[in-house]
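Just work07.csv here, CSV, C-alpha atoms:
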```
chain,number,residue,atom,x,y,z
R,5,MET,CA,-44.8,-20.0,5.8
R,6,GLU,CA,-45.5,-16.7,7.6
R,7,GLY,CA,-46.7,-14.0,5.2
R,8,ALA,CA,-44.5,-11.2,6.4
R,9,GLN,CA,-41.0,-10.7,7.9
R,10,LEU,CA,-41.5,-10.1,11.7
R,11,ASN,CA,-40.0,-7.1,13.4
R,12,SER,CA,-37.6,-9.4,15.4
R,13,THR,CA,-36.5,-11.2,12.3
R,14,ILE,CA,-33.3,-10.3,10.5
R,15,ALA,CA,-32.2,-11.5,7.0
R,16,ALA,CA,-28.6,-11.3,5.9
R,17,LEU,CA,-27.2,-11.5,2.4
R,18,ASP,CA,-23.6,-12.3,1.6
R,19,ILE,CA,-22.6,-12.1,-2.1
R,20,GLY,CA,-19.3,-13.7,-2.8
R,21,THR,CA,-17.3,-14.7,-5.8
R,22,SER,CA,-18.1,-18.4,-5.4
R,23,LYS,CA,-21.3,-18.4,-3.4
R,24,ILE,CA,-24.3,-16.4,-2.3
R,25,SER,CA,-25.6,-17.0,1.2
R,26,VAL,CA,-28.8,-15.8,2.9
R,27,ALA,CA,-29.3,-16.4,6.6
R,28,VAL,CA,-32.5,-15.7,8.6
R,29,GLY,CA,-32.1,-14.9,12.3
R,30,GLU,CA,-34.1,-13.7,15.2
R,31,ALA,CA,-33.1,-11.4,18.0
R,32,LEU,CA,-34.1,-13.1,21.2
R,33,PRO,CA,-35.3,-11.1,24.3
R,34,ASP,CA,-31.9,-11.8,26.1
R,35,GLY,CA,-30.0,-10.2,23.2
R,36,GLU,CA,-28.8,-13.5,21.8
R,37,LEU,CA,-29.1,-14.4,18.1
R,38,ALA,CA,-31.0,-17.5,17.0
R,39,VAL,CA,-30.5,-18.7,13.4
R,40,LEU,CA,-33.7,-19.9,11.9
R,41,GLY,CA,-32.8,-20.7,8.3
R,42,PHE,CA,-30.0,-20.6,5.7
R,43,GLY,CA,-29.6,-20.8,2.0
R,44,LYS,CA,-26.5,-21.1,-0.1
R,45,VAL,CA,-26.1,-21.3,-3.9
R,46,SER,CA,-23.3,-20.9,-6.4
R,47,ALA,CA,-22.7,-17.3,-7.3
R,48,GLU,CA,-23.3,-16.4,-10.9
R,49,GLY,CA,-22.5,-13.0,-12.4
R,50,ILE,CA,-20.2,-12.0,-9.6
R,51,HIS,CA,-16.4,-11.5,-9.6
R,52,ALA,CA,-14.2,-10.1,-6.8
R,53,GLY,CA,-17.2,-8.9,-4.9
R,54,SER,CA,-18.5,-6.8,-7.9
R,55,VAL,CA,-21.5,-7.5,-10.0
R,56,GLN,CA,-20.6,-8.4,-13.6
R,57,ASP,CA,-23.9,-9.7,-14.9
R,58,VAL,CA,-27.0,-8.3,-13.3
R,59,GLU,CA,-29.5,-10.9,-14.5
R,60,LEU,CA,-27.3,-13.8,-13.4
R,61,ALA,CA,-26.7,-12.2,-10.0
R,62,VAL,CA,-30.4,-11.5,-9.5
R,63,GLU,CA,-31.3,-15.1,-10.2
R,64,SER,CA,-28.6,-16.4,-7.8
R,65,ILE,CA,-29.9,-14.1,-5.0
R,66,ARG,CA,-33.5,-15.3,-5.6
R,67,ALA,CA,-32.4,-18.9,-5.4
R,68,ALA,CA,-30.6,-18.3,-2.1
R,69,VAL,CA,-33.6,-16.5,-0.7
R,70,THR,CA,-36.0,-19.2,-1.7
R,71,GLU,CA,-33.8,-21.8,0.1
R,72,ALA,CA,-33.5,-19.7,3.2
R,73,GLU,CA,-37.3,-19.1,3.3
R,74,ALA,CA,-37.9,-22.9,3.0
R,75,THR,CA,-35.6,-23.7,5.9
R,76,SER,CA,-36.8,-20.8,8.2
R,77,GLN,CA,-40.5,-20.8,7.3
R,78,ARG,CA,-40.3,-17.0,7.1
R,79,LYS,CA,-41.1,-14.8,4.1
R,80,ILE,CA,-38.0,-12.7,3.4
R,81,THR,CA,-38.9,-9.1,2.3
R,82,THR,CA,-35.9,-7.1,3.6
R,83,VAL,CA,-32.2,-7.9,3.9
R,84,SER,CA,-29.1,-6.4,5.3
R,85,ALA,CA,-26.3,-7.1,2.8
R,86,ALA,CA,-22.5,-7.4,2.9
R,87,LEU,CA,-20.7,-4.9,0.7
R,88,THR,CA,-17.2,-5.3,-0.7
R,89,GLY,CA,-15.4,-4.3,-3.8
R,90,LYS,CA,-12.0,-4.5,-5.4
R,91,HIS,CA,-11.2,-0.8,-4.9
R,92,LEU,CA,-12.3,-0.6,-1.2
R,93,HIS,CA,-9.9,1.2,1.0
R,94,SER,CA,-10.0,3.4,4.1
R,95,ILE,CA,-8.7,6.5,5.8
R,96,ASN,CA,-8.7,7.8,9.3
R,97,LYS,CA,-9.6,11.4,9.8
R,98,VAL,CA,-9.8,13.8,12.7
R,99,GLY,CA,-12.3,16.7,12.9
R,100,GLN,CA,-10.9,19.4,15.2
R,101,LEU,CA,-13.1,22.1,16.7
R,102,VAL,CA,-12.1,25.0,19.0
R,103,LEU,CA,-14.5,25.4,21.9
R,104,PRO,CA,-14.9,29.2,22.5
R,105,ASP,CA,-16.9,28.6,25.8
R,106,GLY,CA,-14.7,25.8,27.0
R,107,GLU,CA,-17.6,23.3,27.2
R,108,VAL,CA,-18.8,20.6,24.9
R,109,ASP,CA,-22.4,20.6,23.9
R,110,SER,CA,-24.3,18.5,21.4
R,111,SER,CA,-23.9,21.1,18.7
R,112,ALA,CA,-20.1,21.1,19.1
R,113,VAL,CA,-20.1,17.2,18.8
R,114,LYS,CA,-22.1,17.4,15.6
R,115,ARG,CA,-19.8,20.0,14.0
R,116,ALA,CA,-16.7,18.1,15.0
R,117,THR,CA,-18.2,14.9,13.6
R,118,ARG,CA,-19.0,16.6,10.3
R,119,LEU,CA,-15.4,17.9,10.0
R,120,ALA,CA,-14.1,14.4,10.6
R,121,MET,CA,-16.3,12.9,7.9
R,122,ALA,CA,-15.4,15.6,5.3
R,123,PHE,CA,-14.4,13.8,2.1
R,124,ASP,CA,-12.0,15.6,-0.3
R,125,PRO,CA,-12.0,13.7,-3.7
R,126,LYS,CA,-8.7,15.3,-4.7
R,127,VAL,CA,-6.9,14.0,-1.6
R,128,ASP,CA,-8.9,11.0,-0.3
R,129,ALA,CA,-10.0,9.3,-3.5
R,130,LYS,CA,-8.0,6.8,-5.6
R,131,SER,CA,-10.4,6.9,-8.6
R,132,ALA,CA,-12.9,9.3,-10.0
R,133,ASP,CA,-16.0,7.6,-8.7
R,134,ASP,CA,-14.8,7.0,-5.1
R,135,ARG,CA,-17.2,7.9,-2.4
R,136,VAL,CA,-17.6,7.3,1.4
R,137,VAL,CA,-19.5,4.1,1.5
R,138,SER,CA,-19.4,3.6,5.2
R,139,HIS,CA,-18.0,5.2,8.4
R,140,VAL,CA,-17.4,4.6,12.0
R,141,ILE,CA,-17.0,7.4,14.6
R,142,LYS,CA,-14.5,5.9,16.9
R,143,GLY,CA,-14.9,8.5,19.6
R,144,TYR,CA,-13.8,11.9,20.8
R,145,THR,CA,-10.8,13.4,22.6
R,146,LEU,CA,-10.3,16.7,24.4
R,147,ASP,CA,-7.1,18.8,24.1
R,148,ASN,CA,-4.0,16.7,24.3
R,149,ASP,CA,-5.7,13.8,26.2
R,150,ASP,CA,-5.7,10.7,24.1
R,151,ALA,CA,-8.4,9.0,26.2
R,152,MET,CA,-11.2,8.2,23.8
R,153,LEU,CA,-14.7,9.4,24.9
R,154,GLN,CA,-18.0,8.1,23.5
R,155,ASP,CA,-20.1,11.0,24.8
R,156,PRO,CA,-18.1,14.1,25.6
R,157,VAL,CA,-21.2,16.4,26.1
R,158,GLY,CA,-20.9,18.4,29.3
R,159,MET,CA,-17.1,18.1,29.6
R,160,THR,CA,-14.8,21.0,29.5
R,161,GLY,CA,-11.8,21.7,27.3
R,162,ASN,CA,-10.3,24.0,24.6
R,163,VAL,CA,-10.3,21.7,21.6
R,164,LEU,CA,-12.7,18.9,20.7
R,165,LYS,CA,-11.5,16.2,18.3
R,166,ALA,CA,-13.7,13.7,16.5
R,167,HIS,CA,-12.0,10.5,15.2
R,168,ALA,CA,-13.6,8.9,12.2
R,169,HIS,CA,-12.7,5.8,10.1
R,170,LEU,CA,-14.0,6.3,6.6
R,171,ALA,CA,-14.3,3.4,4.1
R,172,ILE,CA,-13.9,4.6,0.5
R,173,GLY,CA,-15.3,2.6,-2.4
R,174,SER,CA,-16.6,2.9,-5.9
R,175,ASP,CA,-20.0,4.5,-6.4
R,176,SER,CA,-20.9,2.1,-9.2
R,177,VAL,CA,-20.2,-1.0,-7.0
R,178,VAL,CA,-22.7,0.2,-4.4
R,179,LEU,CA,-25.3,1.2,-7.1
R,180,ASN,CA,-25.0,-2.2,-8.9
R,181,LEU,CA,-25.3,-4.2,-5.7
R,182,VAL,CA,-28.4,-2.2,-4.6
R,183,LYS,CA,-29.9,-2.6,-8.1
R,184,CYS,CA,-29.5,-6.4,-7.9
R,185,ILE,CA,-31.1,-6.6,-4.5
R,186,ARG,CA,-34.0,-4.5,-5.5
R,187,ARG,CA,-34.5,-6.4,-8.7
R,188,ALA,CA,-34.7,-9.5,-6.6
R,189,SER,CA,-37.8,-7.9,-5.0
R,190,LEU,CA,-36.1,-7.2,-1.7
R,191,ASP,CA,-35.9,-4.1,0.4
R,192,ILE,CA,-32.6,-3.1,2.0
R,193,GLU,CA,-32.3,-2.5,5.7
R,194,GLY,CA,-28.7,-1.6,5.5
R,195,LEU,CA,-25.3,-2.4,4.0
R,196,VAL,CA,-22.4,-3.8,6.1
R,197,LEU,CA,-18.9,-3.7,4.8
R,198,GLN,CA,-17.8,-7.3,4.3
R,199,PRO,CA,-14.5,-7.0,6.2
R,200,TRP,CA,-16.3,-5.5,9.2
R,201,ALA,CA,-19.0,-8.2,9.0
R,202,SER,CA,-16.4,-11.0,9.0
R,203,ALA,CA,-14.7,-9.3,12.0
R,204,ALA,CA,-18.0,-9.0,13.8
R,205,GLY,CA,-18.6,-12.7,13.3
R,206,THR,CA,-15.2,-13.9,14.5
R,207,LEU,CA,-13.3,-11.5,16.7
R,208,THR,CA,-13.4,-11.1,20.5
R,209,PRO,CA,-13.5,-7.8,22.4
R,210,THR,CA,-10.1,-8.6,23.9
R,211,GLU,CA,-8.5,-9.2,20.5
R,212,LYS,CA,-9.9,-5.8,19.3
R,213,GLU,CA,-8.6,-4.1,22.3
R,214,LEU,CA,-5.1,-5.6,22.1
R,215,GLY,CA,-4.8,-5.1,18.3
R,216,VAL,CA,-5.8,-7.7,15.8
R,217,ILE,CA,-5.8,-8.4,12.1
R,218,ALA,CA,-8.8,-10.2,10.5
R,219,LEU,CA,-8.3,-11.8,7.1
R,220,ASP,CA,-11.3,-13.1,5.3
R,221,ILE,CA,-9.8,-15.2,2.5
R,222,GLY,CA,-12.5,-16.0,0.0
R,223,ALA,CA,-12.5,-17.2,-3.6
R,224,GLY,CA,-11.9,-13.8,-5.2
R,225,THR,CA,-10.7,-11.4,-2.5
R,226,VAL,CA,-9.0,-11.2,0.8
R,227,ASP,CA,-10.9,-8.8,3.0
R,228,VAL,CA,-8.7,-7.1,5.6
R,229,ALA,CA,-9.8,-5.4,8.8
R,230,CYS,CA,-7.3,-4.2,11.5
R,231,PHE,CA,-8.3,-3.1,15.0
R,232,GLU,CA,-6.5,-1.3,17.8
R,233,HIS,CA,-7.8,-0.1,21.1
R,234,GLY,CA,-11.2,-1.7,20.4
R,235,HIS,CA,-11.8,0.2,17.2
R,236,ILE,CA,-11.5,-0.4,13.4
R,237,ALA,CA,-8.4,1.4,12.1
R,238,PHE,CA,-7.7,-0.1,8.7
R,239,THR,CA,-10.0,-1.6,6.0
R,240,GLY,CA,-8.9,-3.0,2.6
R,241,VAL,CA,-9.6,-5.6,0.0
R,242,ALA,CA,-6.8,-7.6,-1.8
R,243,GLN,CA,-7.4,-8.8,-5.3
R,244,THR,CA,-6.4,-12.4,-4.6
R,245,GLY,CA,-8.0,-15.5,-3.1
R,246,GLY,CA,-8.7,-19.2,-3.4
R,247,GLU,CA,-9.8,-19.0,-7.0
R,248,ILE,CA,-6.2,-18.6,-8.2
R,249,ILE,CA,-5.2,-21.7,-6.3
R,250,THR,CA,-7.9,-23.5,-8.3
R,251,ARG,CA,-6.6,-22.1,-11.6
R,252,ASP,CA,-3.0,-23.1,-10.7
R,253,ILE,CA,-4.2,-26.7,-10.1
R,254,ALA,CA,-6.1,-26.6,-13.5
R,255,ALA,CA,-3.0,-25.3,-15.3
R,256,GLY,CA,-0.7,-27.8,-13.6
R,257,LEU,CA,-2.8,-30.8,-14.2
R,258,ASN,CA,-4.4,-29.7,-17.5
R,259,CYS,CA,-7.9,-30.4,-16.1
R,260,SER,CA,-11.1,-28.4,-16.1
R,261,ILE,CA,-11.6,-25.6,-13.6
R,262,ALA,CA,-14.5,-27.5,-12.1
R,263,ASP,CA,-12.4,-30.6,-11.6
R,264,ALA,CA,-9.6,-28.6,-10.1
R,265,GLU,CA,-12.0,-27.1,-7.6
R,266,ASP,CA,-13.2,-30.6,-6.7
R,267,ILE,CA,-9.6,-31.8,-6.3
R,268,LYS,CA,-8.7,-28.8,-4.1
R,269,LEU,CA,-11.7,-29.3,-1.8
R,270,ALA,CA,-11.3,-33.1,-1.5
R,271,TYR,CA,-7.5,-33.5,-1.3
R,272,GLY,CA,-6.1,-30.0,-0.8
R,273,HIS,CA,-3.9,-29.3,2.2
R,274,VAL,CA,-0.8,-27.4,3.2
R,275,GLY,CA,2.3,-29.1,4.6
R,276,ARG,CA,3.7,-32.5,3.6
R,277,ARG,CA,2.4,-35.6,5.2
R,278,ALA,CA,4.2,-39.0,5.3
R,279,GLU,CA,1.8,-40.6,2.9
R,280,ASP,CA,1.8,-37.7,0.3
R,281,GLY,CA,4.5,-39.3,-1.8
R,282,PHE,CA,2.5,-42.5,-2.2
R,283,GLU,CA,-1.1,-41.3,-2.4
R,284,ARG,CA,-2.2,-40.8,-6.0
R,285,ILE,CA,-5.2,-38.6,-7.2
R,286,ARG,CA,-6.9,-39.6,-10.4
R,287,TYR,CA,-8.4,-37.0,-12.7
R,288,ILE,CA,-9.3,-36.5,-16.4
R,289,ARG,CA,-6.9,-34.6,-18.6
R,290,GLU,CA,-9.0,-32.0,-20.4
R,291,SER,CA,-7.0,-31.9,-23.7
R,292,THR,CA,-7.0,-35.6,-24.3
R,293,GLN,CA,-9.9,-36.8,-22.1
R,294,THR,CA,-7.7,-39.5,-20.7
R,295,GLU,CA,-7.3,-40.5,-17.1
R,296,GLU,CA,-4.2,-39.3,-15.4
R,297,SER,CA,-2.9,-39.2,-11.8
R,298,ILE,CA,-0.8,-37.0,-9.6
R,299,THR,CA,0.7,-37.6,-6.2
R,300,SER,CA,-0.6,-35.7,-3.2
R,301,ALA,CA,2.9,-34.3,-2.8
R,302,ASP,CA,2.8,-32.7,-6.2
R,303,LEU,CA,-0.6,-31.2,-5.4
R,304,VAL,CA,0.6,-29.8,-2.1
R,305,ASN,CA,3.5,-28.2,-4.0
R,306,ILE,CA,1.1,-26.3,-6.2
R,307,ILE,CA,-1.2,-25.3,-3.4
R,308,GLU,CA,1.5,-24.3,-1.0
R,309,ALA,CA,3.3,-22.0,-3.5
R,310,ARG,CA,0.2,-20.0,-4.3
R,311,SER,CA,-1.1,-19.9,-0.7
R,312,GLU,CA,2.2,-18.5,0.4
R,313,GLU,CA,2.0,-15.9,-2.4
R,314,ILE,CA,-1.5,-14.9,-1.3
R,315,LEU,CA,-0.3,-14.3,2.2
R,316,ARG,CA,2.9,-12.4,1.2
R,317,VAL,CA,1.0,-10.1,-1.3
R,318,THR,CA,-1.6,-9.3,1.3
R,319,ALA,CA,1.1,-8.5,3.9
R,320,HIS,CA,3.2,-6.4,1.5
R,321,TYR,CA,0.4,-4.2,0.3
R,322,PHE,CA,-1.9,-4.0,3.3
R,323,LEU,CA,-0.2,-4.9,6.5
R,324,LYS,CA,3.4,-3.8,6.3
R,325,PRO,CA,3.0,-0.1,5.1
R,326,ASP,CA,1.4,0.8,8.5
R,327,SER,CA,3.4,-1.8,10.5
R,328,TRP,CA,0.3,-3.8,11.4
R,329,LEU,CA,2.3,-6.9,12.0
R,330,ALA,CA,4.0,-5.1,14.8
R,331,LYS,CA,0.8,-3.6,16.2
R,332,ALA,CA,-1.3,-6.7,16.4
R,333,ALA,CA,-0.6,-8.0,19.9
R,334,GLY,CA,-3.8,-10.1,19.6
R,335,GLY,CA,-2.5,-11.9,16.5
R,336,ILE,CA,-4.2,-12.8,13.3
R,337,VAL,CA,-7.7,-14.3,12.8
R,338,ILE,CA,-8.2,-15.9,9.4
R,339,THR,CA,-11.7,-16.9,8.1
R,340,GLY,CA,-13.4,-17.5,4.8
R,341,GLY,CA,-13.4,-20.7,2.7
R,342,VAL,CA,-9.6,-20.9,2.2
R,343,SER,CA,-9.0,-20.9,5.9
R,344,ARG,CA,-10.7,-24.3,6.1
R,345,MET,CA,-7.9,-25.9,4.2
R,346,PRO,CA,-5.9,-28.2,6.6
R,347,GLY,CA,-2.5,-26.6,7.4
R,348,PHE,CA,-3.3,-23.2,6.0
R,349,ASP,CA,-3.3,-21.6,9.5
R,350,ARG,CA,0.2,-23.0,10.2
R,351,LEU,CA,1.4,-21.6,6.9
R,352,ALA,CA,-0.1,-18.2,7.7
R,353,GLN,CA,1.7,-18.2,11.1
R,354,GLN,CA,5.0,-19.1,9.5
R,355,VAL,CA,4.7,-16.5,6.7
R,356,LEU,CA,3.3,-13.6,8.8
R,357,GLY,CA,5.2,-14.3,12.0
R,358,LEU,CA,2.2,-13.9,14.4
R,359,PRO,CA,-0.1,-16.3,16.2
R,360,VAL,CA,-2.9,-17.3,13.9
R,361,ARG,CA,-6.3,-18.9,14.7
R,362,VAL,CA,-9.2,-19.9,12.4
R,363,GLY,CA,-12.1,-17.7,13.1
R,364,VAL,CA,-15.6,-19.2,13.2
R,365,PRO,CA,-19.0,-17.6,14.0
R,366,PRO,CA,-20.0,-17.8,17.7
R,367,MET,CA,-22.4,-20.5,18.7
R,368,GLN,CA,-26.0,-19.3,18.3
R,369,LYS,CA,-28.1,-20.3,21.3
R,370,GLY,CA,-31.6,-21.7,20.6
R,371,SER,CA,-31.0,-21.8,16.9
R,372,ALA,CA,-32.8,-24.2,14.6
R,373,LEU,CA,-29.4,-24.7,12.9
R,374,GLY,CA,-25.9,-23.5,13.7
R,375,LEU,CA,-23.6,-21.7,11.3
R,376,VAL,CA,-20.1,-22.5,12.6
R,377,SER,CA,-18.0,-22.7,9.4
R,378,PRO,CA,-15.4,-20.0,8.6
R,379,GLU,CA,-17.1,-19.3,5.3
R,380,ASP,CA,-20.3,-18.4,7.1
R,381,ALA,CA,-18.6,-15.7,9.3
R,382,THR,CA,-19.6,-12.9,7.0
R,383,VAL,CA,-23.3,-13.7,6.9
R,384,VAL,CA,-23.5,-14.3,10.6
R,385,GLY,CA,-21.6,-11.0,11.1
R,386,VAL,CA,-24.2,-9.2,9.1
R,387,LEU,CA,-26.9,-10.6,11.4
R,388,LEU,CA,-25.0,-9.5,14.5
R,389,GLU,CA,-24.2,-6.0,13.2
R,390,THR,CA,-27.8,-5.5,12.2
R,391,MET,CA,-28.9,-6.4,15.7
R,392,ARG,CA,-26.4,-3.9,17.1
R,393,ARG,CA,-27.7,-1.2,14.9
R,394,ARG,CA,-31.3,-1.8,15.9
R,395,ARG,CA,-30.3,-1.6,19.5
R,396,LEU,CA,-28.5,1.7,18.9
R,397,ALA,CA,-31.6,3.0,17.0
R,398,GLY,CA,-33.8,2.2,20.1
R,399,GLY,CA,-35.1,-1.3,19.7
R,400,SER,CA,-35.6,-4.1,17.3
R,401,LYS,CA,-38.6,-2.6,15.5
R,402,HIS,CA,-38.0,-1.4,12.0
R,403,LYS,CA,-40.0,-0.3,9.1
R,404,SER,CA,-41.0,-2.9,6.7
R,405,GLY,CA,-41.9,-0.5,3.9
R,406,ARG,CA,-39.7,0.5,1.0
R,407,PHE,CA,-37.0,3.1,1.2
R,408,ASP,CA,-37.5,6.3,-0.8
R,409,GLY,CA,-36.1,5.0,-4.0
R,410,LEU,CA,-32.6,3.9,-5.0
R,411,LEU,CA,-31.0,7.3,-4.2
R,412,GLY,CA,-32.6,7.2,-0.8
R,413,VAL,CA,-30.9,3.9,-0.1
R,414,VAL,CA,-27.6,5.2,-1.3
R,415,ARG,CA,-28.0,8.4,0.8
R,416,ARG,CA,-28.5,6.3,3.9
R,417,ILE,CA,-25.4,4.3,3.0
R,418,MET,CA,-23.3,7.4,2.5
R,419,PHE,CA,-24.4,9.5,5.4
R,420,GLY,CA,-24.8,7.6,8.6
R,421,ASP,CA,-25.9,4.0,8.8
R,422,PHE,CA,-22.8,3.3,10.7
R,423,SER,CA,-22.1,5.0,14.0
R,424,GLY,CA,-20.1,2.6,16.1
```
File written out as structure tokens:
Amino acid sequence: MEGAQLNSTIAALDIGTSKISVAVGEALPDGELAVLGFGKVSAEGIHAGSVQDVELAVESIRAAVTEAEATSQRKITTVSAALTGKHLHSINKVGQLVLPDGEVDSSAVKRATRLAMAFDPKVDAKSADDRVVSHVIKGYTLDNDDAMLQDPVGMTGNVLKAHAHLAIGSDSVVLNLVKCIRRASLDIEGLVLQPWASAAGTLTPTEKELGVIALDIGAGTVDVACFEHGHIAFTGVAQTGGEIITRDIAAGLNCSIADAEDIKLAYGHVGRRAEDGFERIRYIRESTQTEESITSADLVNIIEARSEEILRVTAHYFLKPDSWLAKAAGGIVITGGVSRMPGFDRLAQQVLGLPVRVGVPPMQKGSALGLVSPEDATVVGVLLETMRRRRLAGGSKHKSGRFDGLLGVVRRIMFGDFSG
């Protein structure tokens, strides 16, 4: 195994409610991504994207890293990590600057950008410890022209407007995630919002331009990312997911949570099949330790009812208030573990009323292994987003040393890791 993480090597960490994944990739000279190794373990000490038990979470991270090192034959010292949280939300802000000389220079761009990123806790926060955890500068406009410019320097006008998308989250969620990663003896190259990572791993440029909704439906949360005109416009996290389907099965069958999860994965589907009324699924009743059975039709009824509720709740609280179901001409892309369930995409299309496809990571050319499952979209998206940031920073070379302490990491997170 190589003794150090090479400059072209990227390691991505995705901490979910049910699993922790680590992927090792390499940025090829032609700009493509090659996946060199992968590790996945059950998540311990995590719930709804937030750390509940530091020690258990650290051990899970270490186990996933060890597995990824073994398959990639690379020593992992630094990771880019996906960040989510149950209170994550977003706002769009505009920084407006009058141009006294009628011309845009770099100083004017910086001042307009700072105005757009100004965070007022009294207006923009939903809780006392809310902070800006990530941002995207979508572009700039001049006067009443709505054409978005990426570099307005040198142009003329009376008013410069900077358009920013700010992701707001809990300070403690960020601090606890960073603490776990550092206690696992890892440096942090950057944090990527999980909804944005899942979108990076599944969406096409055309979908983003037309308007699209990305739903990463995991065990504990549904990460929501909405795009229009090629830019992120809404970010949110719904407190629901596949875990409650498992709990409904356990309650309906009076079996253990572990058995209910196994039944869901092995037999779960949405939509009745001709054989469902005859096929019987055997399991152990937890209260009596006796063998029981249920028809596939009864199992489908349990799964379908809760699946429909997950979709309706997500739409009600996150998609309908800003009419995203009317804006998304590119349809809906679902990803995450729940999206793998047969028939779930058809149910989503029926409930949400838009075309739905299951999003999978793009094929990785020249890879030792391919990550093409919906539940791997986030970790692949983190790799792709890290590559993009390195290109914006002027190449793939990055420092392998430690950041300037915990506050230094958080300062980078708050004030500008994310520029596009």
Determine, counting all atoms listed in the file, every residue of protein, DNA or RNA that lies within 6 Å of (-17.5, -0.4, 0.8) in the file coordinates, then give the result as a VMD selection string. chain R and resid 87 to 88 92 137 171 173 197
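Closest approach to R:His235 from the set R:Met121, R:Glu283, R:Asn96, R:Thr382 is made by R:Asn96, with distances taken over all atoms listed in the file.
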Identify, on the basis of only C-alpha atoms, every residue whose closest approach to stretch 252-264 of chain R does not exceed 12 Å; exclude the query and any residue fewer than 6 positions from it along the same chain; express the result as a PDB file with C-alpha atoms, keeping the file's coordinate frame.
```pdb
ATOM      1  CA  SER R  22     -18.100 -18.400  -5.400  1.00  0.00           C
ATOM      2  CA  GLY R 245      -8.000 -15.500  -3.100  1.00  0.00           C
ATOM      3  CA  GLY R 246      -8.700 -19.200  -3.400  1.00  0.00           C
ATOM      4  CA  ALA R 270     -11.300 -33.100  -1.500  1.00  0.00           C
ATOM      5  CA  TYR R 271      -7.500 -33.500  -1.300  1.00  0.00           C
ATOM      6  CA  GLY R 272      -6.100 -30.000  -0.800  1.00  0.00           C
ATOM      7  CA  ILE R 285      -5.200 -38.600  -7.200  1.00  0.00           C
ATOM      8  CA  ARG R 286      -6.900 -39.600 -10.400  1.00  0.00           C
ATOM      9  CA  TYR R 287      -8.400 -37.000 -12.700  1.00  0.00           C
ATOM     10  CA  ILE R 288      -9.300 -36.500 -16.400  1.00  0.00           C
ATOM     11  CA  ARG R 289      -6.900 -34.600 -18.600  1.00  0.00           C
ATOM     12  CA  GLU R 290      -9.000 -32.000 -20.400  1.00  0.00           C
ATOM     13  CA  SER R 291      -7.000 -31.900 -23.700  1.00  0.00           C
ATOM     14  CA  THR R 292      -7.000 -35.600 -24.300  1.00  0.00           C
ATOM     15  CA  GLN R 293      -9.900 -36.800 -22.100  1.00  0.00           C
ATOM     16  CA  THR R 294      -7.700 -39.500 -20.700  1.00  0.00           C
ATOM     17  CA  GLU R 295      -7.300 -40.500 -17.100  1.00  0.00           C
ATOM     18  CA  GLU R 296      -4.200 -39.300 -15.400  1.00  0.00           C
ATOM     19  CA  SER R 297      -2.900 -39.200 -11.800  1.00  0.00           C
ATOM     20  CA  ILE R 298      -0.800 -37.000  -9.600  1.00  0.00           C
ATOM     21  CA  THR R 299       0.700 -37.600  -6.200  1.00  0.00           C
ATOM     22  CA  SER R 300      -0.600 -35.700  -3.200  1.00  0.00           C
ATOM     23  CA  ASP R 302       2.800 -32.700  -6.200  1.00  0.00           C
ATOM     24  CA  LEU R 303      -0.600 -31.200  -5.400  1.00  0.00           C
ATOM     25  CA  VAL R 304       0.600 -29.800  -2.100  1.00  0.00           C
ATOM     26  CA  ASN R 305       3.500 -28.200  -4.000  1.00  0.00           C
ATOM     27  CA  ILE R 306       1.100 -26.300  -6.200  1.00  0.00           C
ATOM     28  CA  ILE R 307      -1.200 -25.300  -3.400  1.00  0.00           C
ATOM     29  CA  GLU R 308       1.500 -24.300  -1.000  1.00  0.00           C
ATOM     30  CA  ALA R 309       3.300 -22.000  -3.500  1.00  0.00           C
ATOM     31  CA  ARG R 310       0.200 -20.000  -4.300  1.00  0.00           C
ATOM     32  CA  SER R 311      -1.100 -19.900  -0.700  1.00  0.00           C
TER      33      SER R 311
END
```
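The shortest atom-to-atom distance to R:Val98, with all atoms listed in the file taken into account, belongs to R:Leu170 out of R:Leu170, R:Asn162, R:Val157, R:Ala47.
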Write out as a CSV table (one decimal) with C-alpha atoms, in the coordinates of the input each polymer residue whose atoms come within 7 Å of R:His273, counting only C-alpha atoms; drop sequence neighbours fewer than 6 positions from it.
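around26.csv written:
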```csv
chain,number,residue,atom,x,y,z
R,304,VAL,CA,0.6,-29.8,-2.1
R,345,MET,CA,-7.9,-25.9,4.2
R,346,PRO,CA,-5.9,-28.2,6.6
R,347,GLY,CA,-2.5,-26.6,7.4
```
Identify the residues around (-19.8, -14.8, 7.7) within a radius of 7 Å, measuring from all atoms listed in the file in the coordinates stated by the file, and give them as a PyMOL selection string. chain R and resi 201-202+205+365+378-385
What would the file look like if the residues just selected were written as a short mmCIF file (atom, residue, chain, number, x, y, z; two decimals), in the coordinates of the input with C-alpha atoms?
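The resulting again-v3.cif:
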```cif
data_model
loop_
_atom_site.label_atom_id
_atom_site.label_comp_id
_atom_site.auth_asym_id
_atom_site.auth_seq_id
_atom_site.Cartn_x
_atom_site.Cartn_y
_atom_site.Cartn_z
CA ALA R 201 -19.00 -8.20 9.00
CA SER R 202 -16.40 -11.00 9.00
CA GLY R 205 -18.60 -12.70 13.30
CA PRO R 365 -19.00 -17.60 14.00
CA PRO R 378 -15.40 -20.00 8.60
CA GLU R 379 -17.10 -19.30 5.30
CA ASP R 380 -20.30 -18.40 7.10
CA ALA R 381 -18.60 -15.70 9.30
CA THR R 382 -19.60 -12.90 7.00
CA VAL R 383 -23.30 -13.70 6.90
CA VAL R 384 -23.50 -14.30 10.60
CA GLY R 385 -21.60 -11.00 11.10
#
```
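Between atom CA of R:His320 and atom CA of R:Ala204 the separation is 24.6 Å.
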